[in-house]
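Q: Please read through the structure below; I'll follow up with questions.
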Amino acid sequence: MKTESTLEKILASGNLAVTSECGPPRGAVPDKVKEKAEMLRGYVDAVNVTDNQTAMVRMSSFAACVIIKQMGMDPILQMVTRDRNRLAMQADILGAYAHGIDTMLCLSGDHPHFGDHPQAMNVHDIDSIQFVQMVHTMREKGTFQGGDDIINPPKMFIGAAANPFADPFELRVARLAKKAKAGADFVQTQCIYNLDKFETWMKGVVDRGLHEKVHVLAGVTPMKTAGMARYMKNKVPGMDVPDEIVDRMAGVPKEKQAEEGIKICVESIQRLKDVEGVSGFHIMAIEWEQKVPEIVKKAGLYPRPEIA
Amino acid sequence: MITAERKPLEEIIDSVKPFQRILLVGCNECVTVCAAGGRKEVGILASALQMNFMKAGQTIDIKELTLERQCDPEYVEELSTHMDQVDAVLSMACGCGVQEIARRYKDKPVLPAVNTKFMGASERQGVWAERCQGCGDCLLGLTGGICPIARCSKRLLNGPCGGSTNGKCEISPEVDCVWQLIWDRLKALGMEDRYEDIMPAKNWQTGRGGGPRKIIREDLAE
Amino acid sequence: MSFRKRLAAGEFVVLAEMNTPKGVNISKMVLDSRRIKGRVDAVIIPDMDNGVMKMSAMAGGVLMHQQGVEAIMHVYCRDRNSMALQGDLLASHVLGIQNLIVVHSEDMTVGDHREAQPVNELDELGLIAAIRTLQDGKDLAGFELDGRPDFTTGCTIASYKDGELELAEKKVAAGAEFMVTPPVFDLDVFAAFMEKAKRLNVPVIPTVFLIKSVAIARYIATSEPEANLSETLIKRIRKASDREMEGIKIAGETVAALRDMAHGVKIQTLGWEHRLGAILDAAGL
Amino acid sequence: MMNDQATMPSHNKILVVGGGIGGIRAAMDLAESGRNVVLIDKSVSIGGLITQLDRTFPTNDCDLCTLSPRLSEGGRQEHIDLLTMTEVKKVSGDVGNFTVTLSQTPRYIDLEKCTACGDCFKVFPECVSFNPGLDHRAPTCMRYPQAIPQAYAIDMHKCQDVKALENVCKAGAILPQQTSKEIELEVGAVILCPGADVFDPSGLDHFEYGKNPDVVTSLEYERILSASGPTQGELVRPSDGKKPEKIAWIQCVGSRGLQKGAASYCSSACCMFALKEAIVTKERFQDSIETTIFYMDMRTFGKEYEQYRERAENEFHVNLVRSRPHSIVGDEATGGLDITFAPDDGSPSITETFDMAVLSTGFKVSESVRKMAGTMGIELNAHDFAKTDEFSPVATSVPGIYVCGLFEGPKDIPETMVQASAAACLAAKATQPAVHIDEDTLVNLPERDVSSEEPRIGIFICDCGLNIGGVVDTQNLAEFGKTLPQVAVSQVVGHGCSRSSMDIIHKTIVDEKLNRVVIGGCSPRTHETKFQDLLQRAGLNKYLVEIANIRDQDTWVHADDPEAAKQKARHLIRMATSSVKNAHPLIEHSLPMHKEILVVGGGVSGMTTALSLADQGFKVFLAEKAPQLGGLAGRIKKTIEGRDVPVFMEALTQKTLQHPGIEVIFNAIIVDHTGMPGMFKTGLQIAPQMYYRQIEHGVTILATGALQNRPETFLLGENPAVMTQLDMDTLLEEDLDRIKAMRTVAMIQCVGSRCPENQNCSRICCQSAVKNALRLLDINPDMRIFVLYRDMRTYGFTEDYYLEARKRGVIFVRYEKDAPPQVRPEKDGIEVTFVDPILGQSLALSADCLCLSTGLVADDEASEDLAMIFRLQRTGEGFFLEDHVKLRPLDLSTPGFFVAGTAHSPKNIKECIADAQAAAGRAQTLLAKNSIELGAAVARVDSNKCAACLVCVRACPFDIPFINADGYSEIDPAKCHGCGVCAAECPAKAIQLMQFEDDQILAKLDGLLERMVA
Amino acid sequence: MKQFEPVIVAFCCHYCAYTAADMAGSKRLSYPANVNIVRVPCSGKVDAIHLMKAFEKGADGVYVAGCLEGDCHFKNGNTKVARRVAYVKKLLDEIGIGGERLEMFYMSAGMGERFARVATEMTKKIRKLGPNPTKAMSTGNQGEAVA
C-alpha cells in the first residue's frame, strides 16, 4: 500500500468502490456539513469535498474534510489550481495530511467567469497534471515542488478528474495516460450519460493498459427533471447527454421524473459494472445527497465491504 | 503588436473635466494599427469631447497631435513646444506612451484615453486577439506554435480541461479551445507524440513573477 | 580564385548565364552582372543562341570583364567560317577572355534570320581541335602564331539520353576540359547520369533552369519527356501562392542539392537575370 | 461573303440606326476611336428596350444605375450627333461613299431650350408624347428619368390650343411651326441596330391577353416591377390592385412555332428573362409568392446562366413545370386565372388557379424595319432578320452596311453588345478617323499656376429658364454670394450651359483672374464635365470648379416653399464656395500610348481579332503556344449551316501569317507582365529554345480558347463505338464507309456539363448534335438516331435545324439529371438504356455508335497561370471573368484587357468571330488615344503618416494598395478606382482621395453650418 | 413660437442616392428643404470623422445614403459605411447627442420617391428630437436655431 487511504484499500481488494460528494456550505455552519455527510454514512467509501465548486465561495474543502474526518468518515480533499499558487497548495496539503486526510483529488477548477467572483485573479500557477505530479513527488520523493526535502512527507492517495466526453475526443485517452504518468492513483469521471461513448473511451483506456495503472471511478449523476437534462445537454460544457435520455426524462409526467432519473442512474451503473476497467462509481447527487443510499442499494452496491 | 481599446467616453470625460486646455496625443504605432489611438481616433475623440462640453454650454480647448511613437523619448520631446499651452495631456497610446510622457513632463497630468489590452495579432480586419503574455520563456516550440499560456483560459500546459466542447472553450463559444488548435496542429505536423510528454511546471521568474523586467543589450546600451 | 583554378582544385563552381541584348542597350546586362558580382564564379555568355541575332558574345564577355566578372564565352560554328572563328578567338584572348564553351548551334530555321546562310564549315569537334591547335601556337593552315592564346575550354552535351556520352567522350578527347549538361529536374536521374559520366574524367556542370510559370513547366514536361520534369513538380508550383517565388525556390533547392553531386552548376534564367540573386539566396549561397 | 474588300474610304462619318443599347455601344465605340457618328432613333429619346427593364439577369443589377452614366456618356460624346425621331428613307452608293436620306418628324420642341421642366406636361398632359407602358400614364412622360436628350416631345395633333401650350413653356422651347425635315448625309458605313418588336399575343384567344388585365407580357410585368414604372415598383395585380400570391409565366409565346402567328425560331432570351422576373418577384416582394414557369426546354445557355437557373429552383424555389399550358381562363368568381396544362409525364390535364399570368413573348422584326431593309437592298433571311454569314456575323449582304443586336437574330444583351462592338470595328475600317483636332492646344489657354494665389472665387448663378429663376431670386442669390469671403465675382448668367453664357463665364474668369469657380445650376452628374472643360479652356485646372445643384435638389423640389428654397440655395452656394477654396489643381496623369496589341492565342478568335486590328494599321503580336495556328476550330469540319470550316480556317491562317502588321510568335509561353493600360510589358519565353523576349504593348486581348471536354464516362476512350461530337464531325468527313454501315446512332447530351464537376451549360453541344444528326441522315437516310437530352437548347435560328431533325425522324428523348442513360458494351456496338419519360419505362437500344455531346471546358491550368501572371479574375469554372456580364462582356475588370472567343465561355465559330471583331473594336477605343489619361480622383498616401497597418490593403475592393519596399502603403493611380474607402478607413489619416479630400468635405459642412461658428 | 427647423446633412453616393435626389428633382417630388446633400463618390468614402464633425459643427441630423445592397459600384462601400454609422451612433449616444440623429439609408438611382420619403421622414424625426444638444445652450432656445 502506498498510503493509508481507505479508498486505496477498497480498490486494492478488488471491490467496486463507491464515492459521493458533499459541497460545503456558503457560510460558517459546520452542522450543514455533518448533515450531508451523515446521509452518506455506510453507503459510500469516501466523500469528495468540493473546493469552491463552480467558482463560488464556500467553506474551504480542507475545513469541511476535517469535520467529516472527525465524524469518522473518509473525506477526499478536492483542490483546484485556480485559487492558490504552488506554495499555498503544498501548505494546505501538509495541513490536511496532518489532520489525517489521506486522499485527495487534483483539479484545475471551473473558470471564475461563471462564479460569484468573476473579477478574481485566475492563478493557475500550475495545471492539474503538474499538480498531480507535485503531490506524487511530495509522496514518493519526499520533496517539495521547489526541490527541498519535506520532513515527514504527506502520503496522499492521488485522484484526478477525467472527462471522456470533452473535445478533442481522441486526446481523451492520452490525457488520462498523462495523468497516470504524472502519478494519479485514481480518476473520477465526468457524469456519464452517453454510455456508448464512455465505453469507446474505456476501450481505449484498456487497450493502453491504463486501467492497470489508475483506477477509473465512473461518474454518475441522477437527474431530477427533464429540464435539468436539457440544461446539462445544452449549457454545461464538456457534458454529453444524448437525446434519448432527454426524451426519456421528458416522456414521463413531471412528478415521476425524479424517479425516472434515479432509474436511469441505476441502469447506468448496472451496465457500467460490466465494462472492463471500471473500478467503481462516483455518485454526484448534487444537492440530492439523500438519494445516494437508494441508488447504492438499487445498484447492488450495498452493503459496502468492511476493510480492516 | 500591443492592442488597446478606447476607454468609455464617460470615464475620459470625467478625467478631463478639471482641465480647460487639453493636448490630445495619438501614437502612429500599434494603437494606430489596432484603430484605438491613431490620427483618426484622435479626431473622433476630440470631436466627441468637444460636443460633450458644448452640450453644457462649455468649451474645451483640445489640441490634436499624433506622434510617430510615444514610447521613445525623442518623439515625446516633440510635445515640449505645446506643453506650456495646455493643462493636461490625454494620451491615446498604450500604457508605455502614457508613462513616457509622464516621465518627461513632470508638471503635467497625463491621462490615459485607452485601455491597453494585450499583445495580439489581427485575426481579420477589425478583430484582434491575444497571442502572447510575454512570459519571457517561450515554449511555442513544444506546442505547435500556439501558446497555451496566452490562449488557454486556465493556462493549462498539459492538455485541454474537461470543459472543451466542439473545439471551443468552456468560458465562451466565441473562444477557441487552444488545446484543440494545438492538437490539430500537432497532428498536421505528425508530432502527436509530443503531447504525451508532461510539460513541467512553468518557471514564472522570467515573467511578471520575477518583478519588473528590463532588457539590456550590452553592445547597444550606452 | 579564377574559374580555371577552382575547376582544377575540384571546387564547386557556380556559373550564371547572362544574355547579351538584342540591340546596344547594355544597361540591363551591366546592372544584372553587378547584382551578382562576387556571388558567382563566372558568367556564361551565350552567342546568338537559338539563331536569334544579338550582340556578339565576345563583346558581352569583354563587357563582363570590364565589370570585374569573369566570363565564359560560347563559340559555335553556324555563323562563322574557320578564318573568322580563329580571328575572333585570338581577339578574345587579347581582350581578356579566358574561358570558352564550344556549343552546338541551333538550326537557322528556328531563329529570327531564317533566310540567312548557315556556314558550318567546322563542327564542334573540329572547333575544339582548332582551339587546341591555336593554343599550340599554330593556325589551322599550319602557320606559326606570334604569341599563343590560352583558354579553358568546355563542351556541352545535348541531353541525358544514352548515346550522348559517347559523343561527349570524343569532345573530351579533342580537348574539352569540362562539360556543361542540360537542365536538371530530377536529381535521381541526374545521379544515375553522373555515375556513367565518371569515365569522362572531366568536371561536369549541370544546368539549373529557372521555371517561371506552370505553362513553362507543362511545356517542358510534355515536349521534352527526357528532361524528366515530374507532375509533382508542376503541382508544387501550381499550389504555391507566389509561383514566381516557388520557381526560384525550386531552382535554389536544386542548386543546393547538386553541390554534393556535381562539380558546379550553371544557373539559367533566360531573361530573368535580375532574379539570379534570389536563386542564390534560396540555394543558401 | 465577307465584305471587307479594301476600299478607300472617303467619308469619315458612320450612320448608326437605332439608339438602343447596341446602337449606343456601337456609336460610343466609334466615337471613342475617333470616328464621327450620326446616331438616329425613331423615338423621342434613346435607350431602346432596355430602359423598360427593371433589373437584368444574372446579376440582378438595377439597370437604371448601370445604364444612366452610359447614356450621358453617349450624350456628351463630341463625335456623336444624335438625331431622335428620325428614320432612314434611302441609302445609295457603295461602301465608303454612301448617301443617306433621313427623315425627321417634328418634336415641336427646341432641344437647345427645353429644360425638361415638365410644365407643358402638367398643363397639357394629352399633348405630350409618352411611352406606352402597362399603365396609360407613366409618372413622367419622359421614357425614363435619365432620358437622353433631356427634353419632352409634343404631339401637335392632339393639341387644341397651341398658343396656350406655347405660353406654358417659360423657356420658350415650343416650336409649333416645326415641320418634318429631310436630311441628307454622306457616310462611309452604316450600322443597323433597330432592335425588334416583341410578339403581340392579343391575337391568341386561349390566353385572354387584352381581355383580362391580369394577363400581361413579360415586358409589361417588367414595368410593374420597375421603380420608375406605373406602380412605382409596387407589385400589384392590374385588375384590382391586390398583391398577387401566385404568378405563372408561360414561355415561348410567339416563339418556336407554338401559337398562331408565332415564329419558328427560339427567341433566346425569354427563359432567363422569366427566371429573373420570378427571382426578383420573390426577392423584392415576398418569398411566399408562388412563382411557376411553364416551359418546354429551359434554355439557360449563357455564361453561368445555368447556375442562375439552379439558384432560381433551389434557393428561390421557383417552380419549373415542363408543360405547354393550353389555356388561360379568367375566373369571374375568384378573380383568378385558371391555367390548364398537361404535365409532360403524360398524366391528364390539370387546372390550377393563379393571380397573374405573364406571357414570355418572343422577338420579331417589325414591319418598319423590314421596309427599311428593303430600301437598303439588304437580304433578309426566312424570318425577316438581316441575313449574315456564319464567318462574317455582323456584315449584311450589302458591303459597308453592318448589323448588330436583335435585327441580326434574337439574342440577349451581351451578344448584342458584342455584335455592336464588332460592327463598330468593321465600320471603322470602312472610314477614316476624323481629323483629330487637338483641342487642348488649339482652344485652351495654357493652364495657369494658381497655387500661390489667394482664392479668387467667381460664383455664376444660372437661372435655367425659370427653372431656378422662377423659384428663387437669382439676382438676390448672386448678391448673397458677393458677401461670402474670398468671392471676387458673383453674378447671374442666364442659361448657364448655353453657349453665350459659357462665353461670359469664360471671359469673366480671364478678365477677373478668377482661380476658383462655383456654378449654381443643375446636377454635376450631367454638367460637371461641361464646366470642367470650360475652365480648361479658360486656363484653369478643371478641378477648381464646384457645382451647387440648386436646380434638381432645390428649386425643383422646393418650388412650393420659395423661402425655404431661397435659404437652401444660399446653403448650397455657401457650401460650394467654402469647399472650392480648398480645391487644388489636380493633374490627370497622362502617358504616351503604345499602339501595339498583344493577342494571346492563335485560334479563330485570336486570328480574327489580330487581322481586324492589323487591317487598321495597328501592329499586332499574336502569341500562340502551339507551333501552328488554328486552335480548336482547326479541328472542326462543318458548321451547322454546312459551311466548310477547314477552307475558311486555311484562308484565315494564310492571311494572318502573311499580314505585314501581324507578327505571329509560335511556341510562345507568357512568363511575366508589368505596366498599365497603354504601356504593358509582357515577357515571353519562346520554346523550344526558351528564348526570352519582352513585348511592349498598349492592349492585351486574350483569345486563349477552351478545351474539348473528354470526361471518362459512358465508356469514352474505352470503347471504339463511343466518341464525342467532334470525333463524329471528323468521321463524317473522313470515313463515309463507316457512317454508311451504321444503322443506329445514339447521342447523349450534357455529358460533362450541367453536372457537379462542371455546372456550366456548354451552349454549343445541342446544335452540334443536331448538326451531326442531320449530316448522318444526309449520308444514310435510313439511320435511326436517338438523342437523349435534358433540355434541347437550340437557341435562335438553330431551332429550325432542331425542327428539321425531328421532322426527318431523329428521336429526341428526355432524361432526368438523376436518371442518366446507362451504357454497356456490346459485340459490335453499345447498348444504351434510358427511361422513357412518357412511358415511364426503361428502354434499351443497341447502337452502332454512341456520340457524346461533351462540350467545352476551360483550360484550368493554363488560364489559371495566365490569370496569375496578368492578375485577372476567373469564374469558378476557369473562364476569364468579364467586367460586367451584360454591358461589358468582353472587357475584363483590369483595364486594357479584353477577352474573345471560348476563353470567355463556350461559343460556336460565328460567335467567336463576332467576339474577336468586337474585342478589336473595344481595343480600338483605347488605341485611338495618343496618351493614357489617368483620372485625378485617386487615393494618395502620405508616406510620413502611414503606419503600414494594412487597413487599406484589406479594405480596398479592388486589391490595389500594397505595402511597398519602403514599408508604406502605395496606391497605383493608374489602377485606383477612386471610391475612397481606403481614405475613410485609414486609422492614421494618411490617405486622401483627391477631389474629395477631407478638408473639402469639412469645408462644405462649414459652409452649411457656418452660422454656428459665427 | 416658430417650429424648429433642423439642419440635416445627407452624405449621398454619386451613383445612387445622389442620382435619386436628382430624380426626385426631375419628378418634382417635394421634400423638406432641411436636407442638404454632400456628394461623395461612394458612400464608403464617408468617414466616422465626417459624421462626428457634422454634429460638432452643428448639424441636427445626419444621414448617409448609399446604393441598395449588392448594387454598390465599388462592391461593398455601402455595407462598410453602414457599420461605421452604427459605430458612430453608439458614440453619439455615449456623449448624449443621441444616436438616433444619425441614420443609414439605401436606395437605387431610380428611387426618387424613396429619396423624398427618406428626407421627409428624417426631417420629421429630427424636428421631434429638437436641436442638436450642442447648440441648445449657445442659442438659448429652439426657435432661433435657423437664421
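FYI, nothing fancy with the C-alpha cells labels: chains A, B, ... in order, residues from 1 per chain, ligands from 1 as they appear.
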With the cut-off set at 9 Å and counting only C-alpha atoms, tabulate each residue of chain D with an atom at most that distance from an atom of chain B, showing the nearest atom pair and its distance in Å to one decimal, ordered by chain and increasing number, as CSV.

A:
residue,atom,partner,partner_atom,distance
D:Lys945,CA,B:Asn28,CA,7.5
D:Cys946,CA,B:Asn28,CA,8.0
D:Ala947,CA,B:Asn28,CA,6.1
D:Ala948,CA,B:Val33,CA,7.8
D:Cys949,CA,B:Val33,CA,4.8
D:Leu950,CA,B:Val33,CA,8.0
D:Val951,CA,B:Gln125,CA,7.0
D:Arg954,CA,B:Gln125,CA,6.9
D:Ala955,CA,B:Gln125,CA,8.0
D:Glu985,CA,B:Lys40,CA,8.7
D:Cys986,CA,B:Lys40,CA,7.4
D:Pro987,CA,B:Lys40,CA,5.0
D:Ala988,CA,B:Arg39,CA,4.7
D:Lys989,CA,B:Lys40,CA,5.7
D:Ala990,CA,B:Arg39,CA,8.5

Q: Up to 6 Å from chain B, what residues of chain A turn up? Count only C-alpha atoms and give them as a VMD selection string.

A: chain A and resid 126 to 127 130 163 166 to 168 237 to 238

Q: One number please: CA of Gly147 (chain A) to CA of Lys213 (chain A), in Å, one decimal.

A: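 One can read the CA of Gly147 (chain A) to CA of Lys213 (chain A) distance as 25.8 Å.
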
Q: Identify, on the basis of only C-alpha atoms, every residue whose closest approach to Thr3 (chain B) does not exceed 6 Å; exclude the query and any residue fewer than 2 positions from it along the same chain; express the result as JSON, numbers by chain.

A: {"B": [34, 117, 118, 119]}

Q: Filtering to all heavy atoms, could you give me those residues as a short mmCIF file (atom, residue, chain, number, x, y, z; two decimals), in the first residue's frame?

A:
data_model
loop_
_atom_site.label_atom_id
_atom_site.label_comp_id
_atom_site.auth_asym_id
_atom_site.auth_seq_id
_atom_site.Cartn_x
_atom_site.Cartn_y
_atom_site.Cartn_z
N CYS B 34 -4.28 49.12 -34.47
CA CYS B 34 -5.45 48.46 -33.89
C CYS B 34 -6.60 49.45 -33.71
O CYS B 34 -7.53 49.21 -32.94
CB CYS B 34 -5.12 47.73 -32.59
SG CYS B 34 -4.75 48.83 -31.24
N LYS B 117 -4.65 46.56 -23.77
CA LYS B 117 -5.24 45.25 -23.55
C LYS B 117 -4.24 44.10 -23.54
O LYS B 117 -4.06 43.43 -22.56
CB LYS B 117 -6.31 44.97 -24.61
CG LYS B 117 -7.38 46.04 -24.73
CD LYS B 117 -8.39 45.98 -23.61
CE LYS B 117 -9.45 44.98 -23.88
NZ LYS B 117 -10.66 45.19 -23.06
N PHE B 118 -3.61 43.89 -24.67
CA PHE B 118 -2.76 42.69 -24.72
C PHE B 118 -1.86 42.75 -25.94
O PHE B 118 -2.00 43.63 -26.78
CB PHE B 118 -3.63 41.42 -24.78
CG PHE B 118 -4.73 41.49 -25.80
CD1 PHE B 118 -4.45 41.28 -27.16
CD2 PHE B 118 -6.03 41.76 -25.42
CE1 PHE B 118 -5.48 41.34 -28.09
CE2 PHE B 118 -7.05 41.82 -26.36
CZ PHE B 118 -6.76 41.61 -27.70
N MET B 119 -0.96 41.78 -26.00
CA MET B 119 -0.16 41.63 -27.20
C MET B 119 -0.91 40.66 -28.10
O MET B 119 -1.21 39.53 -27.69
CB MET B 119 1.21 41.08 -26.87
CG MET B 119 2.11 42.13 -26.24
SD MET B 119 3.75 41.49 -26.02
CE MET B 119 3.59 40.76 -24.41
#

Q: Out of chain B, which residues get strand (DSSP E) from DSSP, as a PyMOL selection string?

A: chain B and resi 2-6+21-27+61-67+88-91+110-112+114-124+127-132+168-169+172-176

Q: Those selected residues, please, written with C-alpha atoms and delivered as an mmCIF file, in the first residue's frame.

A:
data_model
loop_
_atom_site.group_PDB
_atom_site.id
_atom_site.type_symbol
_atom_site.label_atom_id
_atom_site.label_comp_id
_atom_site.auth_asym_id
_atom_site.auth_seq_id
_atom_site.Cartn_x
_atom_site.Cartn_y
_atom_site.Cartn_z
ATOM 1 C CA ILE B 2 0.181 45.944 -28.425
ATOM 2 C CA THR B 3 -3.554 46.304 -28.648
ATOM 3 C CA ALA B 4 -5.732 48.799 -26.922
ATOM 4 C CA GLU B 5 -9.288 49.995 -26.863
ATOM 5 C CA ARG B 6 -10.683 53.426 -26.228
ATOM 6 C CA ARG B 21 -6.763 73.043 -22.292
ATOM 7 C CA ILE B 22 -6.056 69.502 -23.322
ATOM 8 C CA LEU B 23 -3.324 68.136 -25.518
ATOM 9 C CA LEU B 24 -4.737 65.006 -27.122
ATOM 10 C CA VAL B 25 -1.851 62.870 -28.290
ATOM 11 C CA GLY B 26 -2.124 59.849 -30.551
ATOM 12 C CA CYS B 27 0.553 57.389 -31.472
ATOM 13 C CA ASP B 61 -9.607 73.685 -25.922
ATOM 14 C CA ILE B 62 -8.306 70.497 -27.473
ATOM 15 C CA LYS B 63 -5.135 70.352 -29.438
ATOM 16 C CA GLU B 64 -4.716 67.213 -31.537
ATOM 17 C CA LEU B 65 -1.333 65.727 -32.214
ATOM 18 C CA THR B 66 -0.143 62.299 -33.224
ATOM 19 C CA LEU B 67 3.424 61.238 -32.542
ATOM 20 C CA ALA B 88 -3.190 68.259 -19.183
ATOM 21 C CA VAL B 89 -2.233 65.628 -21.678
ATOM 22 C CA LEU B 90 -4.712 62.988 -22.810
ATOM 23 C CA SER B 91 -2.797 60.149 -24.364
ATOM 24 C CA VAL B 110 -1.170 62.715 -18.124
ATOM 25 C CA LEU B 111 -4.439 60.906 -18.565
ATOM 26 C CA PRO B 112 -4.905 57.654 -20.452
ATOM 27 C CA VAL B 114 -7.298 53.971 -23.916
ATOM 28 C CA ASN B 115 -7.155 50.725 -22.032
ATOM 29 C CA THR B 116 -4.085 48.796 -23.029
ATOM 30 C CA LYS B 117 -5.238 45.253 -23.554
ATOM 31 C CA PHE B 118 -2.763 42.689 -24.723
ATOM 32 C CA MET B 119 -0.161 41.626 -27.201
ATOM 33 C CA GLY B 120 -2.085 40.277 -30.115
ATOM 34 C CA ALA B 121 -2.464 39.737 -33.791
ATOM 35 C CA SER B 122 -5.077 40.780 -36.326
ATOM 36 C CA GLU B 123 -7.395 37.868 -36.841
ATOM 37 C CA ARG B 124 -9.015 39.805 -39.640
ATOM 38 C CA VAL B 127 -10.582 41.845 -34.959
ATOM 39 C CA TRP B 128 -7.558 41.438 -32.742
ATOM 40 C CA ALA B 129 -6.876 38.524 -30.483
ATOM 41 C CA GLU B 130 -4.473 37.847 -27.672
ATOM 42 C CA ARG B 131 -1.475 35.822 -28.670
ATOM 43 C CA CYS B 132 1.321 36.393 -26.176
ATOM 44 C CA LYS B 168 -14.444 25.822 -28.044
ATOM 45 C CA CYS B 169 -13.504 26.922 -24.574
ATOM 46 C CA SER B 172 -17.473 31.081 -24.239
ATOM 47 C CA PRO B 173 -18.289 29.529 -27.588
ATOM 48 C CA GLU B 174 -16.544 32.562 -29.094
ATOM 49 C CA VAL B 175 -13.230 31.421 -27.709
ATOM 50 C CA ASP B 176 -11.296 28.653 -29.399
#

Q: Residues within 7 Å of region 14-21 of chain A, please, as an NGL selection string. Count only C-alpha atoms; anything in the same chain fewer than 5 positions from it doesn't count.

A: :A and (44-49 or 279-284)

Q: Export N, CA and C atoms of the chosen residues as a short mmCIF file (atom, residue, chain, number, x, y, z; two decimals), in the first residue's frame?

A:
data_model
loop_
_atom_site.label_atom_id
_atom_site.label_comp_id
_atom_site.auth_asym_id
_atom_site.auth_seq_id
_atom_site.Cartn_x
_atom_site.Cartn_y
_atom_site.Cartn_z
N VAL A 44 -21.13 4.83 1.21
CA VAL A 44 -20.01 5.14 0.32
C VAL A 44 -18.71 4.90 1.05
N ASP A 45 -17.65 4.77 0.27
CA ASP A 45 -16.34 4.51 0.87
C ASP A 45 -15.62 5.80 1.22
N ALA A 46 -15.91 6.83 0.47
CA ALA A 46 -15.27 8.11 0.75
C ALA A 46 -16.15 9.20 0.19
N VAL A 47 -15.97 10.39 0.78
CA VAL A 47 -16.80 11.52 0.38
C VAL A 47 -15.92 12.64 -0.18
N ASN A 48 -16.14 12.98 -1.43
CA ASN A 48 -15.42 14.12 -2.01
C ASN A 48 -15.95 15.41 -1.40
N VAL A 49 -15.03 16.28 -1.06
CA VAL A 49 -15.45 17.59 -0.57
C VAL A 49 -14.94 18.63 -1.56
N SER A 279 -13.51 0.60 -12.01
CA SER A 279 -13.19 0.11 -10.68
C SER A 279 -14.15 0.57 -9.62
N GLY A 280 -15.10 1.37 -10.01
CA GLY A 280 -16.02 1.84 -9.01
C GLY A 280 -16.83 3.00 -9.56
N PHE A 281 -17.61 3.60 -8.63
CA PHE A 281 -18.51 4.67 -9.06
C PHE A 281 -18.38 5.88 -8.18
N HIS A 282 -18.56 7.00 -8.86
CA HIS A 282 -18.57 8.26 -8.14
C HIS A 282 -19.95 8.86 -8.37
N ILE A 283 -20.75 8.86 -7.33
CA ILE A 283 -22.15 9.30 -7.48
C ILE A 283 -22.26 10.74 -7.04
N MET A 284 -22.50 11.60 -8.05
CA MET A 284 -22.60 13.03 -7.75
C MET A 284 -24.07 13.40 -7.72
#

Q: Quick one: everything within 6 Å of region 20-29 of chain D, counting only C-alpha atoms, minus sequence neighbours fewer than 5 positions away in the same chain. Send it as an mmCIF file with all heavy atoms, in the first residue's frame.

A:
data_model
loop_
_atom_site.group_PDB
_atom_site.id
_atom_site.type_symbol
_atom_site.label_atom_id
_atom_site.label_comp_id
_atom_site.auth_asym_id
_atom_site.auth_seq_id
_atom_site.Cartn_x
_atom_site.Cartn_y
_atom_site.Cartn_z
ATOM 1 N N GLY D 47 -32.207 54.698 -75.910
ATOM 2 C CA GLY D 47 -32.257 53.757 -74.787
ATOM 3 C C GLY D 47 -32.881 52.430 -75.169
ATOM 4 O O GLY D 47 -32.482 51.385 -74.700
ATOM 5 N N GLY D 48 -33.883 52.507 -76.051
ATOM 6 C CA GLY D 48 -34.461 51.265 -76.563
ATOM 7 C C GLY D 48 -35.126 50.434 -75.495
ATOM 8 O O GLY D 48 -35.563 50.927 -74.453
ATOM 9 N N CYS D 193 -28.977 48.838 -86.037
ATOM 10 C CA CYS D 193 -29.365 48.158 -84.797
ATOM 11 C C CYS D 193 -30.731 48.667 -84.394
ATOM 12 O O CYS D 193 -30.893 49.281 -83.349
ATOM 13 C CB CYS D 193 -28.343 48.337 -83.687
ATOM 14 S SG CYS D 193 -27.415 49.841 -83.798
ATOM 15 N N THR D 416 -25.648 41.196 -77.964
ATOM 16 C CA THR D 416 -25.904 42.457 -78.658
ATOM 17 C C THR D 416 -24.716 43.396 -78.485
ATOM 18 O O THR D 416 -24.255 44.025 -79.433
ATOM 19 C CB THR D 416 -27.186 43.114 -78.087
ATOM 20 O OG1 THR D 416 -28.275 42.248 -78.357
ATOM 21 C CG2 THR D 416 -27.434 44.466 -78.710
ATOM 22 N N MET D 417 -24.214 43.471 -77.265
ATOM 23 C CA MET D 417 -23.081 44.341 -77.016
ATOM 24 C C MET D 417 -21.869 43.894 -77.828
ATOM 25 O O MET D 417 -21.133 44.705 -78.372
ATOM 26 C CB MET D 417 -22.721 44.320 -75.518
ATOM 27 C CG MET D 417 -23.804 44.841 -74.620
ATOM 28 S SD MET D 417 -24.333 46.495 -75.030
ATOM 29 C CE MET D 417 -23.406 47.473 -73.907
ATOM 30 N N ALA D 420 -22.390 44.794 -81.414
ATOM 31 C CA ALA D 420 -22.282 46.237 -81.602
ATOM 32 C C ALA D 420 -20.826 46.643 -81.731
ATOM 33 O O ALA D 420 -20.447 47.390 -82.629
ATOM 34 C CB ALA D 420 -22.934 46.958 -80.427
ATOM 35 N N SER D 421 -20.006 46.114 -80.843
ATOM 36 C CA SER D 421 -18.584 46.455 -80.917
ATOM 37 C C SER D 421 -17.959 45.874 -82.182
ATOM 38 O O SER D 421 -17.071 46.477 -82.775
ATOM 39 C CB SER D 421 -17.849 45.930 -79.684
ATOM 40 O OG SER D 421 -18.254 46.651 -78.548
ATOM 41 N N ALA D 424 -18.929 48.047 -84.994
ATOM 42 C CA ALA D 424 -18.159 49.288 -84.910
ATOM 43 C C ALA D 424 -16.767 49.072 -85.472
ATOM 44 O O ALA D 424 -16.218 49.911 -86.188
ATOM 45 C CB ALA D 424 -18.083 49.760 -83.462
ATOM 46 N N THR D 925 -10.874 51.535 -79.212
ATOM 47 C CA THR D 925 -11.253 52.738 -78.482
ATOM 48 C C THR D 925 -10.113 53.207 -77.582
ATOM 49 O O THR D 925 -9.933 54.390 -77.382
ATOM 50 C CB THR D 925 -12.500 52.499 -77.610
ATOM 51 O OG1 THR D 925 -12.188 51.520 -76.637
ATOM 52 C CG2 THR D 925 -13.683 52.042 -78.443
#

Q: Name the residues in contact with Cys22 (chain A) at a cut-off of 12 Å, using only C-alpha atoms, excluding same-chain residues fewer than 6 positions from it; report them as a ChimeraX atom specification.

A: /A:32-41,44,46-53,58-61,64-65,67-68,74-78,282-290,292

Q: Grab the CA of Pro182 (chain C) to CA of His93 (chain C) distance for me, in Å with one decimal place.

A: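 Between CA of Pro182 (chain C) and CA of His93 (chain C) the gap works out to 27.1 Å.
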
Q: List the neighbours of region 97-100 of chain C out to 12 Å using only C-alpha atoms; skip same-chain residues closer than 2 positions along the sequence, and give me the result as JSON, numbers by chain.

A: {"C": [2, 3, 4, 5, 7, 41, 42, 43, 44, 45, 46, 47, 57, 58, 59, 60, 61, 62, 63, 64, 65, 66, 68, 69, 70, 71, 72, 73, 74, 75, 76, 88, 89, 90, 91, 92, 93, 94, 95, 102, 103, 127, 128, 131, 132, 135, 149, 150, 151, 152, 153, 154, 155, 156, 175, 176, 177, 178, 179, 180]}
